[in-house]
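What follows is the content of target.txt, which has compact mmCIF, C-alpha atoms:
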# COMPACT_ATOMS: atom_id res chain seq x y z
CA MET X 1 55.91 27.14 153.28
CA THR X 2 52.90 25.17 152.15
CA ASP X 3 52.47 27.32 149.02
CA ILE X 4 55.73 26.11 147.45
CA LYS X 5 55.27 23.22 145.02
CA LEU X 6 58.05 20.64 145.00
CA PHE X 7 60.40 21.17 142.07
CA THR X 8 61.14 18.23 139.72
CA GLY X 9 63.24 19.81 136.98
CA GLU X 10 61.35 17.89 134.30
CA GLY X 11 60.23 21.12 132.64
CA THR X 12 56.72 19.97 131.69
CA ASP X 13 54.27 22.09 133.66
CA GLU X 14 56.63 24.01 135.96
CA SER X 15 58.81 27.09 135.66
CA PRO X 16 62.29 26.94 137.29
CA GLN X 17 62.32 30.72 137.64
CA ASP X 18 58.91 30.77 139.35
CA PHE X 19 60.15 28.08 141.77
CA LEU X 20 63.22 30.17 142.61
CA ARG X 21 61.08 33.28 143.18
CA SER X 22 58.73 31.40 145.50
CA LEU X 23 61.77 30.48 147.61
CA LYS X 24 62.90 34.09 147.73
CA ARG X 25 59.46 35.20 148.88
CA MET X 26 59.71 32.68 151.70
CA PHE X 27 63.17 33.98 152.65
CA MET X 28 61.81 37.53 152.84
CA LEU X 29 59.22 36.35 155.37
CA LYS X 30 61.89 34.48 157.35
CA ALA X 31 64.38 37.20 158.18
CA THR X 32 66.27 34.79 160.46
CA PHE X 33 67.20 32.50 157.55
CA ASP X 34 70.98 32.61 156.98
CA ASP X 35 72.75 31.05 154.00
CA SER X 36 72.89 27.57 155.52
CA LYS X 37 69.15 27.64 156.30
CA LYS X 38 68.35 28.81 152.77
CA VAL X 39 70.43 26.04 151.23
CA GLU X 40 68.86 23.47 153.55
CA PHE X 41 65.35 24.71 152.75
CA PHE X 42 66.13 24.55 149.00
CA GLU X 43 67.00 20.85 149.32
CA VAL X 44 63.71 19.87 151.00
CA CYS X 45 61.76 21.62 148.23
CA LEU X 46 63.09 19.17 145.60
CA LYS X 47 60.95 16.15 144.72
CA THR X 48 62.55 12.84 145.70
CA ASN X 49 64.14 10.83 142.84
CA SER X 50 63.37 13.58 140.37
CA PRO X 51 65.88 15.02 137.85
CA ALA X 52 66.31 18.00 140.18
CA ASP X 53 67.04 15.69 143.14
CA GLU X 54 69.65 13.82 141.09
CA TRP X 55 71.23 17.14 140.09
CA TRP X 56 71.41 18.15 143.75
CA THR X 57 73.09 14.88 144.72
CA GLY X 58 75.87 15.42 142.18
CA LEU X 59 76.29 19.15 142.90
CA PRO X 60 79.85 20.10 144.05
CA ALA X 61 80.22 21.23 147.67
CA ALA X 62 81.37 24.68 146.54
CA SER X 63 77.98 25.27 144.89
CA ARG X 64 76.26 24.41 148.18
CA ALA X 65 78.46 26.62 150.35
CA SER X 66 76.23 29.73 150.00
CA TRP X 67 72.88 30.77 148.62
CA ASP X 68 74.49 32.93 145.93
CA ALA X 69 76.60 30.01 144.70
CA LEU X 70 73.58 27.70 144.74
CA GLU X 71 71.44 30.21 142.82
CA ALA X 72 74.15 30.60 140.19
CA ALA X 73 74.41 26.82 139.74
CA PHE X 74 70.62 26.51 139.51
CA ASN X 75 70.37 29.22 136.82
CA ALA X 76 73.19 27.55 134.89
CA LYS X 77 71.25 24.26 134.90
CA TRP X 78 67.85 25.80 134.18
CA PRO X 79 68.48 29.12 132.44
CA THR X 80 65.68 31.59 131.71
CA LYS X 81 64.17 30.81 128.33
CA ALA X 82 64.12 33.66 125.87
CA ILE X 83 60.63 34.46 124.62
CA THR X 84 60.29 35.31 120.95
CA PRO X 85 58.34 38.57 120.78
CA LYS X 86 55.20 38.62 118.63
CA THR X 87 55.46 40.37 115.30
CA THR X 88 53.20 43.26 114.39
CA SER X 89 51.33 40.96 112.01
CA GLU X 90 50.71 38.42 114.79
CA LYS X 91 49.47 41.14 117.14
CA LYS X 92 47.13 42.44 114.43
CA THR X 93 45.77 38.91 113.93
CA LEU X 94 45.08 38.60 117.67
CA LEU X 95 43.18 41.90 117.57
CA GLU X 96 41.08 40.83 114.58
CA GLU X 97 40.27 37.47 116.22
CA ALA X 98 38.98 39.11 119.41
CA ARG X 99 35.24 38.63 118.85
CA LEU X 100 32.27 39.73 120.95
CA GLU X 101 29.73 36.94 120.43
CA GLU X 102 26.01 37.77 120.39
CA LYS X 103 25.28 34.77 122.63
CA ASP X 104 27.46 36.30 125.37
CA LEU X 105 25.78 39.73 125.38
CA GLY X 106 24.24 40.66 128.73
CA ARG X 107 26.20 37.91 130.50
CA LYS X 108 29.07 38.21 132.96
CA VAL X 109 32.36 36.40 132.40
CA MET X 110 35.48 35.93 134.50
CA ALA X 111 38.40 38.24 133.73
CA ALA X 112 41.49 38.49 135.97
CA GLY X 113 39.56 36.74 138.73
CA VAL X 114 36.66 39.21 138.63
CA GLU X 115 33.18 38.88 137.08
CA GLU X 116 32.42 41.54 134.48
CA TYR X 117 29.99 41.97 131.57
CA SER X 118 31.29 40.43 128.35
CA HIS X 119 31.21 43.67 126.34
CA VAL X 120 33.32 45.45 128.99
CA VAL X 121 35.89 42.62 129.05
CA TRP X 122 35.99 42.71 125.23
CA ALA X 123 36.59 46.49 125.17
CA ASP X 124 39.44 46.17 127.71
CA LYS X 125 41.02 43.39 125.66
CA VAL X 126 40.92 45.09 122.24
CA GLU X 127 42.19 48.39 123.64
CA LYS X 128 45.17 46.57 125.15
CA LEU X 129 45.85 44.65 121.91
CA ALA X 130 45.60 47.82 119.82
CA GLY X 131 48.13 49.49 122.12
CA GLU X 132 50.56 46.58 121.74
CA ILE X 133 50.63 46.71 117.91
CA PRO X 134 50.68 49.77 118.28
CA ASP X 135 47.86 51.21 116.16
CA THR X 136 48.78 54.81 116.91
CA GLY X 137 46.86 56.06 113.88
CA ASN X 138 43.64 54.29 114.92
CA LEU X 139 43.49 52.72 111.46
CA LEU X 140 41.85 49.50 112.64
CA VAL X 141 38.98 51.00 114.64
CA ASP X 142 36.49 50.83 111.77
CA SER X 143 37.31 47.22 110.81
CA ILE X 144 36.97 46.03 114.42
CA ARG X 145 33.69 47.97 114.84
CA GLU X 146 32.26 46.15 111.80
CA LYS X 147 32.82 42.80 113.53
CA LEU X 148 30.63 43.73 116.51
CA PRO X 149 27.13 42.19 116.73
CA LYS X 150 24.75 44.35 114.69
CA GLY X 151 22.78 45.62 117.70
CA VAL X 152 25.92 46.71 119.58
CA ARG X 153 27.34 48.30 116.43
CA LYS X 154 24.23 50.44 116.02
CA LEU X 155 24.26 51.53 119.66
CA VAL X 156 27.94 52.54 119.52
CA GLY X 157 27.62 54.41 116.24
CA THR X 158 30.44 55.57 113.95
CA LYS X 159 31.49 58.88 115.49
CA HIS X 160 34.29 57.42 117.66
CA THR X 161 37.54 57.53 115.69
CA THR X 162 40.13 56.65 118.36
CA TRP X 163 40.59 53.45 120.36
CA ALA X 164 40.07 55.30 123.64
CA GLU X 165 36.76 56.84 122.51
CA PHE X 166 35.52 53.67 120.82
CA CYS X 167 36.29 51.33 123.74
CA LYS X 168 34.85 53.83 126.25
CA ALA X 169 31.58 53.93 124.27
CA VAL X 170 31.37 50.11 124.32
CA ARG X 171 32.04 49.93 128.08
CA GLU X 172 29.32 52.49 128.85
CA LEU X 173 26.56 50.50 127.12
CA ARG X 174 23.95 49.20 129.57
CA PRO X 175 23.27 45.46 129.36
CA SER X 176 19.50 46.10 129.21
CA GLU X 177 19.74 48.38 126.17
CA ILE X 178 22.06 45.90 124.44
CA LEU X 179 19.58 43.03 124.89
CA GLU X 180 16.65 45.21 123.77
CA LYS X 181 18.51 46.26 120.60
CA VAL X 182 19.51 42.69 119.82
CA GLU X 183 15.86 41.58 120.11
CA GLU X 184 14.79 44.40 117.77
CA GLU X 185 17.34 43.25 115.20
CA ARG X 186 16.13 39.66 115.47
CA GLU X 187 12.51 40.76 114.96
CA ALA X 188 13.50 42.87 111.94
CA ALA X 189 15.35 39.87 110.49
CA ARG X 190 12.23 37.73 110.91
CA ILE X 191 10.11 40.34 109.12
CA GLN X 192 12.66 40.54 106.30
CA GLN X 193 12.56 36.77 105.92
CA GLN X 194 8.76 36.82 105.71
CA LEU X 195 8.97 39.60 103.11
CA LYS X 196 11.51 37.65 101.08
CA THR X 197 9.31 34.57 101.17
CA LEU X 198 6.21 36.46 100.02
CA MET X 199 8.12 38.25 97.25
CA ASN X 200 9.28 34.95 95.79
CA PRO X 201 6.11 32.82 95.60
CA PRO X 202 6.13 29.47 93.80
CA PRO X 203 5.15 29.57 90.10
CA THR X 204 1.48 29.00 89.22
CA PRO X 205 -0.15 28.09 85.85
CA SER X 206 -1.46 31.65 85.39
CA LYS X 207 1.96 33.14 86.06
CA ALA X 208 3.54 30.73 83.58
CA LEU X 209 1.02 31.76 80.89
CA SER X 210 1.70 35.46 81.49
CA THR X 211 5.43 34.85 81.16
CA ALA X 212 4.92 32.91 77.95
CA LEU X 213 2.86 35.76 76.43
CA ARG X 214 5.52 38.34 77.28
CA ASN X 215 8.27 36.20 75.76
CA ILE X 216 6.46 35.38 72.51
CA SER X 217 8.68 35.87 69.45
CA LEU X 218 7.32 38.24 66.79
CA THR X 219 7.46 35.84 63.85
CA SER X 220 5.05 34.74 61.15
CA ASN X 221 4.46 31.45 62.90
CA PRO X 222 0.90 31.06 64.19
CA ILE X 223 0.38 31.67 67.88
CA PRO X 224 -0.19 28.39 69.64
CA ARG X 225 -3.59 28.19 71.27
CA PRO X 226 -3.44 26.89 74.82
CA GLN X 227 -5.31 23.77 75.84
CA PHE X 228 -8.22 24.91 78.00
CA MET X 229 -9.65 23.12 80.99
CA PHE X 230 -13.15 24.35 81.59
CA ARG X 231 -14.03 24.77 85.22
CA PRO X 232 -17.46 23.48 86.24
CA PRO X 233 -19.83 25.69 88.23
CA VAL X 234 -18.33 27.04 91.43
CA LYS X 235 -20.74 25.22 93.71
CA ALA X 236 -19.87 21.90 92.13
CA THR X 237 -16.08 22.58 92.18
CA TYR X 238 -15.27 24.16 95.54
CA PRO X 239 -15.45 21.79 98.52
CA GLN X 240 -18.10 22.54 101.07
CA ARG X 241 -16.01 23.35 104.15
CA THR X 242 -17.46 23.29 107.64
CA ASP X 243 -17.13 26.21 110.04
CA GLN X 244 -14.90 24.01 112.23
CA GLU X 245 -12.51 23.57 109.30
CA ARG X 246 -12.58 27.27 108.51
CA MET X 247 -11.93 28.20 112.15
CA ALA X 248 -8.96 25.82 112.23
CA ASP X 249 -7.44 27.75 109.30
CA ILE X 250 -8.29 31.10 110.91
CA GLN X 251 -6.35 30.03 113.98
CA ALA X 252 -3.44 28.46 112.09
CA ASN X 253 -2.90 31.38 109.67
CA ALA X 254 -3.51 34.29 112.08
CA LEU X 255 -0.88 37.04 111.82
CA PRO X 256 0.71 38.35 115.04
CA ILE X 257 -0.91 41.47 116.56
CA HIS X 258 1.80 43.97 117.43
CA PRO X 259 1.57 46.26 120.49
CA ASP X 260 0.28 49.84 120.24
CA THR X 261 3.79 51.34 120.30
CA PRO X 262 5.94 53.12 117.70
CA THR X 263 7.82 49.86 117.08
CA GLY X 264 4.56 47.92 116.87
CA HIS X 265 3.12 50.36 114.31
CA ALA X 266 6.29 50.13 112.21
CA LEU X 267 6.02 46.34 112.13
CA TYR X 268 2.28 46.60 111.33
CA ASP X 269 3.03 48.91 108.37
CA THR X 270 5.44 46.28 107.08
CA GLN X 271 2.74 43.59 107.43
CA VAL X 272 0.26 45.70 105.43
CA ALA X 273 2.83 46.43 102.70
CA VAL X 274 3.67 42.73 102.39
CA TRP X 275 -0.02 41.74 102.30
CA THR X 276 -0.91 44.37 99.67
CA ARG X 277 2.01 43.38 97.48
CA ALA X 278 1.04 39.72 97.67
CA HIS X 279 -2.77 40.02 97.34
CA GLY X 280 -3.60 43.48 95.96
CA ILE X 281 -7.32 44.19 96.24
CA LYS X 282 -8.34 40.60 96.89
CA LYS X 283 -10.79 39.96 99.67
CA PRO X 284 -9.17 38.57 102.85
CA ASN X 285 -10.10 35.10 104.02
CA GLU X 286 -8.81 32.36 106.33
CA TRP X 287 -5.91 31.64 103.96
CA ARG X 288 -4.87 35.26 103.51
CA PRO X 289 -5.77 36.99 106.83
CA TYR X 290 -5.42 40.76 106.80
CA PRO X 291 -3.00 42.37 109.34
CA LEU X 292 -4.73 43.62 112.49
CA THR X 293 -4.34 47.11 113.95
CA PRO X 294 -1.71 47.28 116.76
CA GLY X 295 -3.23 46.83 120.20
CA SER X 296 -6.54 45.48 118.84
CA SER X 297 -8.29 42.22 119.71
CA PRO X 298 -7.92 38.95 117.77
CA VAL X 299 -10.54 38.11 115.16
CA ALA X 300 -13.48 35.89 116.16
CA SER X 301 -13.05 36.93 119.80
CA GLY X 302 -16.39 38.73 120.10
CA GLU X 303 -14.74 42.07 119.32
CA CYS X 304 -16.31 45.03 117.54
CA TRP X 305 -15.73 44.58 113.82
CA THR X 306 -15.58 48.33 113.23
CA CYS X 307 -12.80 49.32 115.64
CA GLY X 308 -11.32 45.95 116.63
CA GLN X 309 -11.83 46.53 120.39
CA PRO X 310 -13.84 44.39 122.84
CA SER X 311 -16.88 45.07 125.05
CA HIS X 312 -19.32 46.66 122.57
CA LEU X 313 -21.22 45.97 119.34
CA PRO X 314 -20.47 47.60 115.96
CA ALA X 315 -23.80 49.47 116.07
CA ASP X 316 -22.73 51.19 119.33
CA CYS X 317 -19.14 51.89 118.24
CA GLN X 318 -17.93 55.47 118.70
CA ARG X 319 -14.25 54.78 118.07
CA PRO X 320 -12.20 55.34 114.87
CA ALA X 321 -12.70 52.54 112.37
CA VAL X 322 -9.91 50.19 111.35
CA PRO X 323 -9.03 49.87 107.60
CA GLU X 324 -11.80 48.57 105.32
CA GLN X 325 -9.99 45.32 104.53
CA GLU X 326 -9.56 44.65 108.26
CA VAL X 327 -13.28 45.28 108.86
CA THR X 328 -14.06 42.77 106.10
CA TRP X 329 -11.71 40.21 107.61
CA ARG X 330 -13.17 40.68 111.11
CA ARG X 331 -16.72 40.23 109.73
CA ILE X 332 -15.77 37.00 107.95
CA ALA X 333 -13.91 35.50 110.91
CA GLY X 334 -16.49 36.81 113.38
CA GLY X 335 -19.31 35.26 111.39
CA VAL X 336 -17.60 31.87 111.51
CA GLY X 337 -17.02 32.25 115.25
CA ASN X 338 -20.59 33.33 115.95
CA ARG X 339 -22.05 30.37 114.07
CA LEU X 340 -19.82 28.00 115.99
CA ARG X 341 -20.85 29.53 119.32
CA ARG X 342 -24.53 29.33 118.42
CA ALA X 343 -24.02 25.69 117.45
CA GLY X 344 -22.50 25.00 120.85
CA ALA X 345 -18.93 24.55 119.66
CA SER X 346 -16.00 24.96 122.02
CA SER X 347 -14.74 28.46 122.74
CA VAL X 348 -12.81 30.14 119.96
CA ASN X 349 -9.27 31.24 120.78
CA VAL X 350 -7.26 32.61 117.89
CA VAL X 351 -3.58 31.68 118.24
CA GLN X 352 -1.29 34.48 117.11
CA THR X 353 1.14 32.73 114.78
CA ALA X 354 2.50 34.02 111.49
CA GLN X 355 2.33 31.85 108.36
CA ALA X 356 2.76 33.21 104.85
CA ASP X 357 -0.09 32.33 102.47
CA GLU X 358 1.51 31.81 99.13
CA ALA X 359 -1.43 30.01 97.54
CA GLY X 360 -3.40 33.20 96.86
CA GLY X 361 -6.15 32.24 99.27
CA SER X 362 -7.49 29.23 97.36
CA ARG X 363 -6.83 25.56 97.98
CA VAL X 364 -8.49 24.52 94.72
CA ALA X 365 -6.05 23.91 91.87
CA ASP X 366 -5.35 27.10 89.88
CA ILE X 367 -6.93 26.00 86.56
CA ILE X 368 -6.69 28.22 83.47
CA THR X 369 -10.18 29.04 82.21
CA MET X 370 -11.31 30.64 78.96
CA GLU X 371 -12.36 33.77 80.87
CA HIS X 372 -8.94 34.02 82.47
CA TYR X 373 -7.27 33.62 79.08
CA GLU X 374 -9.42 36.40 77.55
CA THR X 375 -8.43 38.67 80.45
CA LEU X 376 -4.75 38.01 79.75
CA LEU X 377 -5.30 38.82 76.07
CA ASN X 378 -6.86 42.19 76.97
CA GLU X 379 -3.97 42.97 79.32
CA ASN X 380 -1.53 42.27 76.48
CA ARG X 381 -3.51 44.06 73.72
CA ALA X 382 -0.50 46.16 72.65
CA LEU X 383 1.57 43.03 72.20
CA TRP X 384 -1.08 41.41 70.00
CA GLU X 385 -1.31 44.54 67.81
CA MET X 386 2.46 44.41 67.28
CA ILE X 387 2.18 40.71 66.40
CA GLY X 388 -0.63 41.50 63.95
CA GLN X 389 1.47 44.14 62.20
CA GLY X 390 4.34 41.68 61.92
CA ASN X 391 2.00 39.19 60.19
CA GLY X 392 0.97 41.66 57.51
CA GLU X 393 -2.39 42.53 58.98
CA GLY X 394 -1.64 46.24 59.31
CA SER X 395 0.22 48.97 57.50
CA SER X 396 3.88 48.22 56.83
CA ASP X 397 4.82 51.89 56.63
Using structure tokens, write down the structure from this file.
Amino acid sequence: MTDIKLFTGEGTDESPQDFLRSLKRMFMLKATFDDSKKVEFFEVCLKTNSPADEWWTGLPAASRASWDALEAAFNAKWPTKAITPKTTSEKKTLLEEARLEEKDLGRKVMAAGVEEYSHVVWADKVEKLAGEIPDTGNLLVDSIREKLPKGVRKLVGTKHTTWAEFCKAVRELRPSEILEKVEEEREAARIQQQLKTLMNPPPTPSKALSTALRNISLTSNPIPRPQFMFRPPVKATYPQRTDQERMADIQANALPIHPDTPTGHALYDTQVAVWTRAHGIKKPNEWRPYPLTPGSSPVASGECWTCGQPSHLPADCQRPAVPEQEVTWRRIAGGVGNRLRRAGASSVNVVQTAQADEAGGSRVADIITMEHYETLLNENRALWEMIGQGNGEGSSD
């Protein structure tokens, strides 16, 4: 009897029909209850001074004479409320709003009093909602699949055309493979962001001059001569940087070394493509470090410059050589590290962090020199010839 909550009749957080059913369950357990006992038990289950208690006080004796009469009077006072069924449009909206969040992947959630993985609970829910619409033609499978997290969507694939097949494929995914795929997608997104950043570098004076030359109008107006700033000798212009300063940049700008796996090599190939697009044939330095072969040692770690592996000198190396640009970069960084070690500096540990070098490897202002201008003229020789013809310097035929 302790599981029956006292009935108030206020209709806020209680259901009259559920109260009546709880009484009937009690009566089924108490086979000795006759009508008078049932009516008496009903009375003690009403909350004192509540609307239901007041109703009971004013109830005619005929309605208290038997359980059937009492039940009829109760249902007349608190009739079953009709529930407006959901429309097909509302059911479709519920299906479309059932989302599997990436943050919940690999985690267990409560469903019907039982812990289950979130993707399994989601599959059970959408299959039930699709059946209630009903989507008998499986027309919504593709649109719901597109709303899955990208990693889950790739694992499930597109070959499942029915709700039963699609939801079964989602349920059968292992949590470990879901998390691994999600991490791969995140890493790919990071690489794409780095690529986007490197492909959209900030404008420099040289780039602005090149753009101006390409956009020159072929008119008779004289070509404006740029104002030149002559750069003094290199030794007098470039700051003399210490090895400690150079090593700080080597550590800060070091690219991540990927593992010697198929995925690691794919990410390394992307690094090389990004570097080559950004720097071409320029020599690597501490501001534009070259990508390192997967599974190799960090630069300036005492490694072999030829193969990138530890425990031997380049002269004794019998292993395949890394790319020429990487060898150059290892020699430069290794030379800085060796000089620091000989000078008694603290041990060199290259931190593997990725920072895009958009300054072209030089921290000295990019000044336009006469030599640079002449180079641009040679690169645009065809344009100048066209301009000359337009000014009457060539044949007009």
Determine, counting all atoms listed in the file, every residue of protein, DNA or RNA that lies within 12 Å of (47.7, 40.0, 112.4) in the file coordinates, then give the result as a CSV table (one decimal) with C-alpha atoms, in the coordinates of the input.
chain,number,residue,atom,x,y,z
X,86,LYS,CA,55.2,38.6,118.6
X,87,THR,CA,55.5,40.4,115.3
X,88,THR,CA,53.2,43.3,114.4
X,89,SER,CA,51.3,41.0,112.0
X,90,GLU,CA,50.7,38.4,114.8
X,91,LYS,CA,49.5,41.1,117.1
X,92,LYS,CA,47.1,42.4,114.4
X,93,THR,CA,45.8,38.9,113.9
X,94,LEU,CA,45.1,38.6,117.7
X,95,LEU,CA,43.2,41.9,117.6
X,96,GLU,CA,41.1,40.8,114.6
X,97,GLU,CA,40.3,37.5,116.2
X,98,ALA,CA,39.0,39.1,119.4
X,129,LEU,CA,45.8,44.6,121.9
X,130,ALA,CA,45.6,47.8,119.8
X,132,GLU,CA,50.6,46.6,121.7
X,133,ILE,CA,50.6,46.7,117.9
X,134,PRO,CA,50.7,49.8,118.3
X,135,ASP,CA,47.9,51.2,116.2
X,140,LEU,CA,41.8,49.5,112.6
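By only C-alpha atoms, and with residues fewer than 5 positions from X:Cys45 along its chain excluded, the set lying at most 12 Å from it is Met1, Thr2, Asp3, Ile4, Lys5, Leu6, Phe7, Thr8, Gly9, Phe19, Leu20, Ser22, Leu23, Met26, Lys38, Val39, Glu40, Ser50, Ala52, Asp53 and Trp56 of chain X.
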List as a PDB file with C-alpha atoms, in the frame of the given file the protein and nucleic acid residues near X:Leu267, meaning an atom at most 12 Å away when all atoms listed in the file are counted, but skip any in the same chain fewer than 2 places from it.
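Listing of out.pdb after writing:
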ATOM      1  CA  GLU X 184      14.790  44.400 117.770  1.00  0.00           C
ATOM      2  CA  GLU X 187      12.510  40.760 114.960  1.00  0.00           C
ATOM      3  CA  ALA X 188      13.500  42.870 111.940  1.00  0.00           C
ATOM      4  CA  ALA X 189      15.350  39.870 110.490  1.00  0.00           C
ATOM      5  CA  ARG X 190      12.230  37.730 110.910  1.00  0.00           C
ATOM      6  CA  ILE X 191      10.110  40.340 109.120  1.00  0.00           C
ATOM      7  CA  GLN X 192      12.660  40.540 106.300  1.00  0.00           C
ATOM      8  CA  GLN X 194       8.760  36.820 105.710  1.00  0.00           C
ATOM      9  CA  LEU X 195       8.970  39.600 103.110  1.00  0.00           C
ATOM     10  CA  LEU X 255      -0.880  37.040 111.820  1.00  0.00           C
ATOM     11  CA  PRO X 256       0.710  38.350 115.040  1.00  0.00           C
ATOM     12  CA  ILE X 257      -0.910  41.470 116.560  1.00  0.00           C
ATOM     13  CA  HIS X 258       1.800  43.970 117.430  1.00  0.00           C
ATOM     14  CA  PRO X 259       1.570  46.260 120.490  1.00  0.00           C
ATOM     15  CA  ASP X 260       0.280  49.840 120.240  1.00  0.00           C
ATOM     16  CA  THR X 261       3.790  51.340 120.300  1.00  0.00           C
ATOM     17  CA  PRO X 262       5.940  53.120 117.700  1.00  0.00           C
ATOM     18  CA  THR X 263       7.820  49.860 117.080  1.00  0.00           C
ATOM     19  CA  GLY X 264       4.560  47.920 116.870  1.00  0.00           C
ATOM     20  CA  HIS X 265       3.120  50.360 114.310  1.00  0.00           C
ATOM     21  CA  ASP X 269       3.030  48.910 108.370  1.00  0.00           C
ATOM     22  CA  THR X 270       5.440  46.280 107.080  1.00  0.00           C
ATOM     23  CA  GLN X 271       2.740  43.590 107.430  1.00  0.00           C
ATOM     24  CA  VAL X 272       0.260  45.700 105.430  1.00  0.00           C
ATOM     25  CA  ALA X 273       2.830  46.430 102.700  1.00  0.00           C
ATOM     26  CA  VAL X 274       3.670  42.730 102.390  1.00  0.00           C
ATOM     27  CA  PRO X 291      -3.000  42.370 109.340  1.00  0.00           C
ATOM     28  CA  LEU X 292      -4.730  43.620 112.490  1.00  0.00           C
ATOM     29  CA  THR X 293      -4.340  47.110 113.950  1.00  0.00           C
ATOM     30  CA  PRO X 294      -1.710  47.280 116.760  1.00  0.00           C
TER      31      PRO X 294
END
To one decimal place, how far is atom CA of X:His312 from atom CA of X:Thr276 in Å?
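For atom CA of X:His312 relative to atom CA of X:Thr276, the distance reads 29.5 Å.
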Test item: residues at most 9 Å from X:Thr80, all atoms listed in the file, excluding those fewer than 2 positions along its chain, as a list in words:
Pro16, Gln17, Asn75, Trp78 and Ala82 of chain X
One number please: atom CA of X:Arg342 to atom CA of X:Asp243, in Å, one decimal.
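So the two atoms, atom CA of X:Arg342 and atom CA of X:Asp243, lie 11.6 Å apart.
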Which neighbours of X:Pro314 fall inside 12 Å, counting only C-alpha atoms, when residues of the same chain fewer than 2 positions from it are skipped, and could you give them as an MDAnalysis selection string?
chainID X and resid 302:312 316:322 327 330:331 334
Residue among X:Gln193, X:Ser296, X:Ser301, X:Asn285 lying closest to X:Gln325, counting all atoms listed in the file
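Residue with the minimum atom-to-atom distance to X:Gln325: X:Asn285.
Put simply, atom CA of X:Thr48 is 25.0 Å away from atom CA of X:Lys81.
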Pull the neighbourhood of (-11.6, 42.5, 103.9) for me: all residues within 7 Å in file coordinates, counting only C-alpha atoms, as a ChimeraX atom specification.
/X:283-284,324-329
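Proximity of X:Asp142, X:Glu116, X:Asp249, X:Asp104 to X:Leu179, computed with only C-alpha atoms, is greatest for X:Asp104.
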For X:Val299, which residue out of X:Lys24, X:Gly337, X:Ser118, X:Leu70 is the nearest one, using all atoms listed in the file?
X:Gly337
Select, from X:Trp287, X:Phe74, X:Met28, X:Pro298, the residue with the minimum atom-to-atom distance to X:Phe42, counting all atoms listed in the file.
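Ranked by minimum distance to X:Phe42, first place goes to X:Phe74.
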Residues near X:Glu177, cut-off 12 Å, only C-alpha atoms, skip fewer than 4 positions along chain, as a list in words
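The contact residues come out as Leu105, Gly106, Gly151, Val152, Lys154, Leu155, Val156, Val170, Glu172, Leu173, Lys181, Val182, Glu183 and Glu184 of chain X.
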Could you write those residues out with C-alpha atoms, as an mmCIF file, keeping the file's coordinate frame?
data_model
loop_
_atom_site.group_PDB
_atom_site.id
_atom_site.type_symbol
_atom_site.label_atom_id
_atom_site.label_comp_id
_atom_site.auth_asym_id
_atom_site.auth_seq_id
_atom_site.Cartn_x
_atom_site.Cartn_y
_atom_site.Cartn_z
ATOM 1 C CA LEU X 105 25.780 39.730 125.380
ATOM 2 C CA GLY X 106 24.240 40.660 128.730
ATOM 3 C CA GLY X 151 22.780 45.620 117.700
ATOM 4 C CA VAL X 152 25.920 46.710 119.580
ATOM 5 C CA LYS X 154 24.230 50.440 116.020
ATOM 6 C CA LEU X 155 24.260 51.530 119.660
ATOM 7 C CA VAL X 156 27.940 52.540 119.520
ATOM 8 C CA VAL X 170 31.370 50.110 124.320
ATOM 9 C CA GLU X 172 29.320 52.490 128.850
ATOM 10 C CA LEU X 173 26.560 50.500 127.120
ATOM 11 C CA LYS X 181 18.510 46.260 120.600
ATOM 12 C CA VAL X 182 19.510 42.690 119.820
ATOM 13 C CA GLU X 183 15.860 41.580 120.110
ATOM 14 C CA GLU X 184 14.790 44.400 117.770
#
